[in-house]
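Novice: Got a structure for you, questions after.
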Amino acid sequence: MGVYKYGFILTAIHDLVTSLCVVLSIPKVISRNSYVIFIATGHVSNFPYGQILLIILFQMMFLSLLILTNSFIYRYIHICKVTKLYQQFTSKTLVSIKSIQLFEDTKAATKHNLVAIQGTQLSYIYTRRKCVIVLFAVNILILLNCGLIMVVCSWPNAEFREQLYSEQVEFDISALKQKSFLGFSMKHSVNTLTIILVIDGMLMMSVFSVIGSYCTWGIRSMFKNTSLSNNTKKAHRKMLRILLLQSTCPTVLLYAPTSVCYVLLFASVPATSSVTDALGITLLLYPLFNPLVTIFCVKDYRRFLINAFVKKKPTLNVQSIGLADRNVYVPFSKTTN
């Protein structure tokens with residue numbers, strides 16, 4: 001599986017942490033004309049522990065988007081770039097390797113060599129330690145940026161809390177003061193910094209959407225324009241369908257209800273308790289369906305989980321050793337991984 005093994009590990013950790021945060025905090029959505037909050041109502045709902053769980057839960061939401069984006073990029077590079085590189089090398093007659101002359105046409109050699117070198121570097125980006133470190137650092141920076149947006153824009157200040165206490169939002173004041181929640185208020189959360197960070201978050205989401213759409217379009221185009229074998233095309237099409245299905249789950253169960261909450265807020269549309277309850281239930285379904293989709297659709301992921309949690313029994317290997325005029329059978333215990 002190569003580098004994909006680390007993607008499986010990250011996916012398993014993401015699903016486990018998300019499920020634990022949801023079960024322990026049970027976030028509930030409350031929306032009014034001037035604010036929207038996600039309040040913890042589970043066993044771990046008191047401040048500050050419930051607040052920590054909500055922060056981790058929202059970070060897991062951002063992480064799911066990063067995992068999907070990286071999966072699309074990985075699949076795009078290993079389908080499109082490697083195939084294009086193969087076509088560039090086979091479209092011209094290769095000559096002396098010792099002189100590093102790839103094509104007979106010397107005028108076009110520089111251009112073709114540059115494209116080939118770029119394609120090679122791009123296709124092997126996941127096998128080079130420095131490149132992997134850079135990719136890891138970029139993803140960490142994106143997560144830190146998301147965390148900054150969440151804390152600055154969603155952490156309730158004293159004025160925001162007083163507004164909720166005065167309205168007695170579905171809880172009495174003494175209970176509400178102990179509850180942990182994150183949210184956004186049009187009265188008390190809007191300032192220059194939060195506006196900049198909200199725009200930053202919207203741009204980041206747009207970039208991720210464009211990357212996913214571009215990779216999907218590139219992969220589908222490659223199926224039509226290349227001379228790949230039918231079996232190879234079938235395997236790549238299956239993987240693309242799995243990626244799209246994996247994208248559908250968080251889009252429908254995470255991003256859509258969260259976006260609806262903020263659209264209702266910014267548009268000043270009043271929402272009934274039945275609407276907010278439906279949005280909250282939709283969010284709670286994500287940690288149930290997301291791992292199931294991955295487990296049932298990705299065969300390698302199932303094998304990874306089985307190998308990680310199920311210990312294989314040692315098998316008895318019997319080897320024969322000839323001593324003098326007879327054979328002595330010596331058993332060797334060997335554990336297969």
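FYI, nothing fancy with the structure tokens labels: chains A, B, ... in order, residues from 1 per chain, ligands from 1 as they appear.
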Write out as a PyMOL selection string the residues lying within 12 Å of segment 258-270 of chain A, counting only C-alpha atoms and excluding same-chain residues fewer than 2 positions away.
Specialist: chain A and resi 28-38+58+61+154+183-187+190+198+202+205+250-256+272-284
Novice: Got time to write the residues from that selection, N, CA and C atoms, as a tab-separated table (two decimals), in the first residue's frame?
Specialist:
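Below you can see part01.tsv, which holds the result:
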```tsv
chain	number	residue	atom	x	y	z
A	28	LYS	N	-25.58	20.03	20.29
A	28	LYS	CA	-26.93	20.43	19.89
A	28	LYS	C	-26.85	21.79	19.22
A	29	VAL	N	-27.58	21.97	18.13
A	29	VAL	CA	-27.58	23.23	17.38
A	29	VAL	C	-28.72	24.10	17.87
A	30	ILE	N	-28.41	25.35	18.20
A	30	ILE	CA	-29.43	26.34	18.56
A	30	ILE	C	-29.19	27.57	17.71
A	31	SER	N	-30.21	27.98	16.97
A	31	SER	CA	-30.08	29.12	16.05
A	31	SER	C	-31.17	30.14	16.34
A	32	ARG	N	-30.77	31.39	16.42
A	32	ARG	CA	-31.69	32.51	16.58
A	32	ARG	C	-31.38	33.54	15.50
A	33	ASN	N	-32.09	34.64	15.51
A	33	ASN	CA	-31.90	35.65	14.47
A	33	ASN	C	-30.50	36.26	14.49
A	34	SER	N	-29.89	36.34	15.66
A	34	SER	CA	-28.61	37.05	15.76
A	34	SER	C	-27.43	36.16	16.11
A	35	TYR	N	-27.66	34.87	16.31
A	35	TYR	CA	-26.54	34.00	16.66
A	35	TYR	C	-26.88	32.55	16.34
A	36	VAL	N	-25.83	31.73	16.27
A	36	VAL	CA	-25.95	30.28	16.17
A	36	VAL	C	-24.88	29.67	17.08
A	37	ILE	N	-25.27	28.65	17.85
A	37	ILE	CA	-24.32	28.02	18.76
A	37	ILE	C	-24.41	26.50	18.63
A	38	PHE	N	-23.29	25.86	18.94
A	38	PHE	CA	-23.21	24.40	19.05
A	38	PHE	C	-22.87	24.11	20.51
A	58	PHE	N	-14.59	20.02	15.90
A	58	PHE	CA	-14.54	20.90	14.73
A	58	PHE	C	-13.23	20.74	13.98
A	61	MET	N	-13.59	17.91	11.73
A	61	MET	CA	-14.33	18.28	10.53
A	61	MET	C	-13.39	18.83	9.47
A	154	SER	N	-15.35	31.57	16.90
A	154	SER	CA	-16.42	30.80	17.55
A	154	SER	C	-16.33	30.78	19.07
A	183	GLY	N	-19.88	29.22	18.98
A	183	GLY	CA	-20.88	29.82	18.11
A	183	GLY	C	-20.43	31.15	17.56
A	184	PHE	N	-21.37	31.81	16.92
A	184	PHE	CA	-21.08	33.10	16.29
A	184	PHE	C	-22.28	34.01	16.51
A	185	SER	N	-22.00	35.24	16.94
A	185	SER	CA	-23.05	36.23	17.20
A	185	SER	C	-22.84	37.43	16.29
A	186	MET	N	-23.90	37.85	15.62
A	186	MET	CA	-23.81	39.03	14.77
A	186	MET	C	-23.64	40.31	15.58
A	187	LYS	N	-23.99	40.25	16.86
A	187	LYS	CA	-23.87	41.43	17.71
A	187	LYS	C	-22.51	41.52	18.39
A	190	VAL	N	-18.61	40.08	15.63
A	190	VAL	CA	-18.18	40.71	14.38
A	190	VAL	C	-17.18	41.82	14.67
A	198	VAL	N	-13.10	34.87	8.55
A	198	VAL	CA	-14.23	34.23	7.87
A	198	VAL	C	-13.99	34.18	6.36
A	202	MET	N	-13.63	30.86	4.00
A	202	MET	CA	-14.42	30.65	2.79
A	202	MET	C	-13.52	30.42	1.58
A	205	MET	N	-12.09	26.85	1.81
A	205	MET	CA	-13.08	25.85	1.40
A	205	MET	C	-13.26	25.85	-0.11
A	250	PRO	N	-19.30	13.24	4.19
A	250	PRO	CA	-19.09	14.47	4.97
A	250	PRO	C	-19.77	15.69	4.37
A	251	THR	N	-19.94	15.71	3.04
A	251	THR	CA	-20.61	16.85	2.42
A	251	THR	C	-22.06	16.95	2.88
A	252	VAL	N	-22.75	15.81	2.89
A	252	VAL	CA	-24.16	15.78	3.26
A	252	VAL	C	-24.36	15.87	4.77
A	253	LEU	N	-23.51	15.18	5.53
A	253	LEU	CA	-23.72	15.07	6.97
A	253	LEU	C	-22.94	16.08	7.80
A	254	LEU	N	-21.95	16.75	7.20
A	254	LEU	CA	-21.16	17.72	7.96
A	254	LEU	C	-21.25	19.12	7.39
A	255	TYR	N	-20.73	19.27	6.16
A	255	TYR	CA	-20.59	20.60	5.59
A	255	TYR	C	-21.93	21.24	5.26
A	256	ALA	N	-22.87	20.46	4.74
A	256	ALA	CA	-24.18	21.01	4.37
A	256	ALA	C	-24.94	21.54	5.59
A	272	THR	N	-36.93	27.34	13.31
A	272	THR	CA	-37.67	26.69	14.39
A	272	THR	C	-36.80	25.62	15.05
A	273	SER	N	-37.25	25.18	16.21
A	273	SER	CA	-36.49	24.15	16.92
A	273	SER	C	-36.44	22.84	16.15
A	274	SER	N	-37.49	22.55	15.37
A	274	SER	CA	-37.49	21.31	14.58
A	274	SER	C	-36.41	21.36	13.51
A	275	VAL	N	-36.18	22.53	12.92
A	275	VAL	CA	-35.14	22.67	11.89
A	275	VAL	C	-33.76	22.49	12.51
A	276	THR	N	-33.51	23.16	13.62
A	276	THR	CA	-32.20	23.04	14.26
A	276	THR	C	-31.97	21.63	14.82
A	277	ASP	N	-33.03	21.01	15.31
A	277	ASP	CA	-32.89	19.62	15.78
A	277	ASP	C	-32.53	18.69	14.63
A	278	ALA	N	-33.15	18.91	13.46
A	278	ALA	CA	-32.84	18.09	12.29
A	278	ALA	C	-31.39	18.29	11.86
A	279	LEU	N	-30.91	19.53	11.92
A	279	LEU	CA	-29.51	19.80	11.58
A	279	LEU	C	-28.57	19.13	12.57
A	280	GLY	N	-28.92	19.18	13.85
A	280	GLY	CA	-28.08	18.54	14.86
A	280	GLY	C	-28.04	17.03	14.71
A	281	ILE	N	-29.19	16.42	14.42
A	281	ILE	CA	-29.23	14.97	14.22
A	281	ILE	C	-28.40	14.56	13.00
A	282	THR	N	-28.46	15.38	11.96
A	282	THR	CA	-27.66	15.10	10.76
A	282	THR	C	-26.17	15.10	11.09
A	283	LEU	N	-25.75	16.05	11.90
A	283	LEU	CA	-24.35	16.09	12.32
A	283	LEU	C	-23.97	14.85	13.13
A	284	LEU	N	-24.89	14.39	13.97
A	284	LEU	CA	-24.60	13.23	14.81
A	284	LEU	C	-24.49	11.94	14.01
```
Novice: Excluding Ile211 of chain A and residues on its chain fewer than 4 positions from it, collect all residues at most 10 Å away from it, counting only C-alpha atoms, and give them as a list of chain:residue names.
Specialist: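 These residues fall inside the cut-off: A:Thr69, A:Asn70, A:Phe72, A:Ile73, A:Met205, A:Ser206, A:Val207, A:Cys215, A:Thr216, A:Trp217.
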Novice: Taking into account only C-alpha atoms, which residue in the set A:Ile142, A:Cys249, A:Leu148, A:Ile133 is nearest to Ile196 of chain A?
Specialist: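 Comparing A:Ile142, A:Cys249, A:Leu148, A:Ile133 against Ile196 of chain A, the winner is A:Leu148.
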Novice: Please list as number ranges by chain every residue within 8 Å of Asn157 of chain A, counting only C-alpha atoms and excluding residues in the same chain fewer than 2 positions away.
Specialist: A: 155, 159-161, 188-189
Novice: Write to file, as a PDB file, in the first residue's frame, the residues of the selection just made, with N, CA and C atoms.
Specialist:
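Result went into out_33.pdb, see below:
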```pdb
ATOM      1  N   TRP A 155     -15.208  31.192  19.628  1.00  0.00           N
ATOM      2  CA  TRP A 155     -15.104  31.179  21.085  1.00  0.00           C
ATOM      3  C   TRP A 155     -15.954  32.314  21.664  1.00  0.00           C
ATOM      4  N   GLU A 159     -19.672  39.156  26.513  1.00  0.00           N
ATOM      5  CA  GLU A 159     -20.915  39.766  26.041  1.00  0.00           C
ATOM      6  C   GLU A 159     -21.831  38.734  25.385  1.00  0.00           C
ATOM      7  N   PHE A 160     -21.222  37.838  24.615  1.00  0.00           N
ATOM      8  CA  PHE A 160     -22.009  36.782  23.962  1.00  0.00           C
ATOM      9  C   PHE A 160     -22.662  35.884  25.012  1.00  0.00           C
ATOM     10  N   ARG A 161     -21.916  35.528  26.046  1.00  0.00           N
ATOM     11  CA  ARG A 161     -22.463  34.685  27.103  1.00  0.00           C
ATOM     12  C   ARG A 161     -23.606  35.388  27.835  1.00  0.00           C
ATOM     13  N   HIS A 188     -21.972  40.397  18.821  1.00  0.00           N
ATOM     14  CA  HIS A 188     -20.789  40.419  19.682  1.00  0.00           C
ATOM     15  C   HIS A 188     -19.562  39.732  19.088  1.00  0.00           C
ATOM     16  N   SER A 189     -19.678  39.089  17.935  1.00  0.00           N
ATOM     17  CA  SER A 189     -18.532  38.376  17.362  1.00  0.00           C
ATOM     18  C   SER A 189     -17.958  39.049  16.126  1.00  0.00           C
TER      19      SER A 189
END
```
Novice: Please, what distance in Å, to one decimal, runs between atom CA of Phe304 of chain A and atom CA of Pro291 of chain A?
Specialist: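 We find that atom CA of Phe304 of chain A and atom CA of Pro291 of chain A lie 13.3 Å from each other.
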Novice: Atom CA of Leu203 of chain A and atom CA of Leu143 of chain A, how far apart in Å?
Specialist: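 Straight-line distance from atom CA of Leu143 of chain A to atom CA of Leu203 of chain A works out to 14.4 Å.
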